[in-house]
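Since the structure comes first, as structure tokens, the remarks are kept for the end.
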Amino acid sequence: MHVLGPEIIFPSIENSDADGLLAVGGDLSPERLLLAYRSGIFPWYEKDQPILWWSPDHRMVLFPQHLKVSKSMRQLFRKEAFKVTYNQDFEAVIQNCAAVKREGQNGTWITDEMISAYIQLHKQGFATSVEVWEGDELVGGLYGIYLKEKQIFCGESMFTKVSNASKYGFISLVEKLKNEGLRLIDCQVYTPHLESLGAYEIHREEFLTYLKS
């Protein structure tokens, strides 16, 4: 296990273990976080744990041309069931993501330290939020890191308070970024929810070709 020091570097991702755990320690400075995302690495840990850095061999991704929009979701868009905004309330989105109770998880991996770090990245223009509104109420949203130079959006978390709200925001984001030249969305790890939207796993080596090109 590689222990990170103050220098902003990561070991080769081929050194990750079978679960994808690559390194421990370091910090969540903007410089280190951006290096991580540009190298196919992301932080994921729980409160009272050291910072854990991951690069799993199987990477869940969504290519925009493979986005699946169900008939029921198309009906919601035709009705304009929700209003979608971008970067209007990043802090509210990440706080809501942190508060969501998730099956099989005790607490949240979005710690206060993580929240502060990503708010800083948002202020620097790297972290993006999507807000989904029903009237004046924030009912869903998601956030992530947009590597504009690579046209890759690294999704971090989403939340919903109303059925289909987060899915509505996600589809809206994909369609918006697709028109700007988006190549793929990095969904990191498998979930049935993401699979239902058209995401699937590829090998890390293939994923890295998009980061390097």
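Residue names in the structure tokens use chain letters A, B, ... in the order shown, residue numbers from 1 in each chain, and ligand numbers from 1 in the order shown.
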Near range 194-197 of chain A, 8 Å: range 23-142 of chain A residue rows, closest pairs, only C-alpha atoms, as JSON lines:
{"residue": "A:Leu67", "atom": "CA", "partner": "A:Leu197", "partner_atom": "CA", "distance": 5.8}
{"residue": "A:Lys68", "atom": "CA", "partner": "A:Leu197", "partner_atom": "CA", "distance": 4.8}
{"residue": "A:Val69", "atom": "CA", "partner": "A:Leu197", "partner_atom": "CA", "distance": 6.7}
For range 103-210 of chain A versus range 1-21 of chain A, which residues have an atom no more than 12 Å away, and what is each residue's nearest atom pair and distance in Å rounded to one decimal, using only C-alpha atoms, chain-then-number order, as a tab-separated table?
residue	atom	partner	partner_atom	distance
A:Gln188	CA	A:Gly20	CA	10.9
A:Val189	CA	A:Gly20	CA	10.5
A:His203	CA	A:Gly20	CA	11.9
A:Arg204	CA	A:Ile13	CA	9.3
A:Glu205	CA	A:Glu14	CA	9.7
A:Leu208	CA	A:Ile13	CA	10.2
Selection from above, all heavy atoms, as a PDB file, in the first residue's frame, can you write it?
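Saved the output as out.pdb:
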ATOM      1  N   GLN A 188     -17.536   5.933 -12.471  1.00  0.00           N
ATOM      2  CA  GLN A 188     -16.669   5.293 -11.482  1.00  0.00           C
ATOM      3  C   GLN A 188     -17.009   3.832 -11.236  1.00  0.00           C
ATOM      4  O   GLN A 188     -16.277   2.944 -11.646  1.00  0.00           O
ATOM      5  CB  GLN A 188     -16.636   6.093 -10.179  1.00  0.00           C
ATOM      6  CG  GLN A 188     -16.087   7.495 -10.359  1.00  0.00           C
ATOM      7  CD  GLN A 188     -16.078   8.306  -9.089  1.00  0.00           C
ATOM      8  OE1 GLN A 188     -16.665   7.935  -8.069  1.00  0.00           O
ATOM      9  NE2 GLN A 188     -15.410   9.442  -9.132  1.00  0.00           N
ATOM     10  N   VAL A 189     -18.105   3.560 -10.511  1.00  0.00           N
ATOM     11  CA  VAL A 189     -18.411   2.171 -10.141  1.00  0.00           C
ATOM     12  C   VAL A 189     -19.841   1.813 -10.545  1.00  0.00           C
ATOM     13  O   VAL A 189     -20.704   2.675 -10.680  1.00  0.00           O
ATOM     14  CB  VAL A 189     -18.210   1.934  -8.629  1.00  0.00           C
ATOM     15  CG1 VAL A 189     -16.748   2.110  -8.249  1.00  0.00           C
ATOM     16  CG2 VAL A 189     -19.087   2.865  -7.802  1.00  0.00           C
ATOM     17  N   HIS A 203     -12.695  -1.699 -19.326  1.00  0.00           N
ATOM     18  CA  HIS A 203     -11.446  -1.907 -18.610  1.00  0.00           C
ATOM     19  C   HIS A 203     -10.737  -0.563 -18.376  1.00  0.00           C
ATOM     20  O   HIS A 203     -10.866   0.368 -19.185  1.00  0.00           O
ATOM     21  CB  HIS A 203     -10.529  -2.854 -19.382  1.00  0.00           C
ATOM     22  CG  HIS A 203     -10.967  -4.287 -19.305  1.00  0.00           C
ATOM     23  ND1 HIS A 203     -10.915  -5.014 -18.135  1.00  0.00           N
ATOM     24  CD2 HIS A 203     -11.479  -5.113 -20.244  1.00  0.00           C
ATOM     25  CE1 HIS A 203     -11.365  -6.243 -18.361  1.00  0.00           C
ATOM     26  NE2 HIS A 203     -11.717  -6.326 -19.632  1.00  0.00           N
ATOM     27  N   ARG A 204     -10.007  -0.499 -17.294  1.00  0.00           N
ATOM     28  CA  ARG A 204      -9.291   0.720 -16.936  1.00  0.00           C
ATOM     29  C   ARG A 204      -8.365   1.176 -18.070  1.00  0.00           C
ATOM     30  O   ARG A 204      -8.268   2.371 -18.359  1.00  0.00           O
ATOM     31  CB  ARG A 204      -8.480   0.487 -15.658  1.00  0.00           C
ATOM     32  CG  ARG A 204      -7.667   1.691 -15.191  1.00  0.00           C
ATOM     33  CD  ARG A 204      -7.026   1.408 -13.845  1.00  0.00           C
ATOM     34  NE  ARG A 204      -6.188   0.224 -13.912  1.00  0.00           N
ATOM     35  CZ  ARG A 204      -5.902  -0.542 -12.852  1.00  0.00           C
ATOM     36  NH1 ARG A 204      -6.388  -0.249 -11.667  1.00  0.00           N
ATOM     37  NH2 ARG A 204      -5.115  -1.600 -12.981  1.00  0.00           N
ATOM     38  N   GLU A 205      -7.705   0.232 -18.709  1.00  0.00           N
ATOM     39  CA  GLU A 205      -6.780   0.587 -19.785  1.00  0.00           C
ATOM     40  C   GLU A 205      -7.492   1.352 -20.900  1.00  0.00           C
ATOM     41  O   GLU A 205      -6.968   2.340 -21.426  1.00  0.00           O
ATOM     42  CB  GLU A 205      -6.121  -0.683 -20.342  1.00  0.00           C
ATOM     43  CG  GLU A 205      -5.058  -0.422 -21.389  1.00  0.00           C
ATOM     44  CD  GLU A 205      -4.359  -1.697 -21.828  1.00  0.00           C
ATOM     45  OE1 GLU A 205      -4.478  -2.723 -21.136  1.00  0.00           O
ATOM     46  OE2 GLU A 205      -3.699  -1.657 -22.884  1.00  0.00           O
ATOM     47  N   LEU A 208      -8.371   4.891 -19.681  1.00  0.00           N
ATOM     48  CA  LEU A 208      -7.218   5.786 -19.639  1.00  0.00           C
ATOM     49  C   LEU A 208      -6.879   6.354 -21.020  1.00  0.00           C
ATOM     50  O   LEU A 208      -6.289   7.442 -21.115  1.00  0.00           O
ATOM     51  CB  LEU A 208      -6.001   5.069 -19.065  1.00  0.00           C
ATOM     52  CG  LEU A 208      -6.082   4.752 -17.567  1.00  0.00           C
ATOM     53  CD1 LEU A 208      -4.860   3.950 -17.133  1.00  0.00           C
ATOM     54  CD2 LEU A 208      -6.194   6.014 -16.739  1.00  0.00           C
TER      55      LEU A 208
END
Closest-contact table, range 67-124 of chain A side, partner range 142-160 of chain A, 7 Å, counting only C-alpha atoms, as a tab-separated table:
residue	atom	partner	partner_atom	distance
A:Val93	CA	A:Leu142	CA	6.4
A:Ile94	CA	A:Tyr143	CA	7.0
A:Asn96	CA	A:Phe159	CA	6.6
A:Cys97	CA	A:Phe159	CA	5.2
A:Val100	CA	A:Phe159	CA	6.7
Atoms kept (N, CA, C and O atoms) for selection, written as a PDB file, in the first residue's frame:
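As a result, part_34.pdb now contains:
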ATOM      1  N   VAL A  93     -26.435  21.343  -3.326  1.00  0.00           N
ATOM      2  CA  VAL A  93     -26.428  20.036  -3.983  1.00  0.00           C
ATOM      3  C   VAL A  93     -25.514  19.068  -3.237  1.00  0.00           C
ATOM      4  O   VAL A  93     -25.907  17.940  -2.916  1.00  0.00           O
ATOM      5  N   ILE A  94     -24.296  19.474  -2.941  1.00  0.00           N
ATOM      6  CA  ILE A  94     -23.369  18.548  -2.286  1.00  0.00           C
ATOM      7  C   ILE A  94     -23.818  18.233  -0.863  1.00  0.00           C
ATOM      8  O   ILE A  94     -23.661  17.106  -0.383  1.00  0.00           O
ATOM      9  N   ASN A  96     -26.947  18.045   0.116  1.00  0.00           N
ATOM     10  CA  ASN A  96     -28.037  17.084  -0.029  1.00  0.00           C
ATOM     11  C   ASN A  96     -27.515  15.700  -0.392  1.00  0.00           C
ATOM     12  O   ASN A  96     -28.030  14.689   0.094  1.00  0.00           O
ATOM     13  N   CYS A  97     -26.500  15.654  -1.240  1.00  0.00           N
ATOM     14  CA  CYS A  97     -25.889  14.366  -1.589  1.00  0.00           C
ATOM     15  C   CYS A  97     -25.304  13.696  -0.350  1.00  0.00           C
ATOM     16  O   CYS A  97     -25.400  12.475  -0.171  1.00  0.00           O
ATOM     17  N   VAL A 100     -28.100  12.047   1.965  1.00  0.00           N
ATOM     18  CA  VAL A 100     -28.909  10.929   1.474  1.00  0.00           C
ATOM     19  C   VAL A 100     -28.507   9.641   2.181  1.00  0.00           C
ATOM     20  O   VAL A 100     -27.327   9.315   2.294  1.00  0.00           O
TER      21      VAL A 100
END
As a PyMOL selection string, please: every residue in range 69-189 of chain A that a backbone DSSP assignment puts in alpha helix (DSSP H).
chain A and resi 71-78+90-99+112-123+165-178
Let me see the file: selected residues, C-alpha atoms, as a compact mmCIF listing (two decimals), in the first residue's frame.
# COMPACT_ATOMS: atom_id res chain seq x y z
CA LYS A 71 -40.68 6.41 -22.54
CA SER A 72 -41.80 7.62 -19.10
CA MET A 73 -38.82 9.99 -18.87
CA ARG A 74 -39.54 11.35 -22.35
CA GLN A 75 -43.06 12.14 -21.18
CA LEU A 76 -41.65 14.07 -18.21
CA PHE A 77 -39.47 16.12 -20.55
CA ARG A 78 -42.38 16.84 -22.84
CA PHE A 90 -23.43 23.92 -5.65
CA GLU A 91 -23.25 23.88 -1.87
CA ALA A 92 -26.91 22.87 -1.49
CA VAL A 93 -26.43 20.04 -3.98
CA ILE A 94 -23.37 18.55 -2.29
CA GLN A 95 -24.93 18.94 1.16
CA ASN A 96 -28.04 17.08 -0.03
CA CYS A 97 -25.89 14.37 -1.59
CA ALA A 98 -24.10 13.96 1.74
CA ALA A 99 -27.40 13.69 3.63
CA ASP A 112 -17.06 17.73 5.79
CA GLU A 113 -13.50 17.64 4.44
CA MET A 114 -14.76 16.46 1.06
CA ILE A 115 -17.48 19.10 0.99
CA SER A 116 -14.99 21.90 1.65
CA ALA A 117 -12.60 20.56 -0.99
CA TYR A 118 -15.21 20.32 -3.74
CA ILE A 119 -16.68 23.71 -2.94
CA GLN A 120 -13.18 25.07 -3.47
CA LEU A 121 -12.96 23.24 -6.81
CA HIS A 122 -16.33 24.71 -7.75
CA LYS A 123 -15.09 28.22 -7.00
CA ALA A 165 -35.69 14.15 -10.31
CA SER A 166 -32.01 13.13 -10.28
CA LYS A 167 -32.47 11.10 -13.47
CA TYR A 168 -34.06 14.15 -15.10
CA GLY A 169 -31.04 16.24 -14.13
CA PHE A 170 -28.56 13.61 -15.29
CA ILE A 171 -30.18 13.24 -18.71
CA SER A 172 -30.31 17.03 -19.07
CA LEU A 173 -26.59 17.28 -18.26
CA VAL A 174 -25.63 14.59 -20.76
CA GLU A 175 -27.65 16.25 -23.53
CA LYS A 176 -26.18 19.66 -22.71
CA LEU A 177 -22.57 18.48 -22.64
CA LYS A 178 -23.09 16.28 -25.69
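In terms of minimum interatomic distance to Ile110 in chain A, A:Pro43 ranks closest within A:Pro56, A:Pro192, A:Pro30, A:Pro43, counting only C-alpha atoms.
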Coordinates-based distance that separates CA of Asp186 in chain A from CA of Gly198 in chain A (Å, one decimal):
12.3 Å
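Nearest to Lys101 in chain A of all the residues A:Ser213, A:Arg32, A:Lys161, A:Val24 is A:Lys161, counting only C-alpha atoms.
CA of Leu62 in chain A sits 13.9 Å away from CA of Gly181 in chain A.
Closest approach to Trp133 in chain A among A:Asn164, A:Glu180, A:Gln88, A:Phe82 is made by A:Phe82 (distances from only C-alpha atoms).
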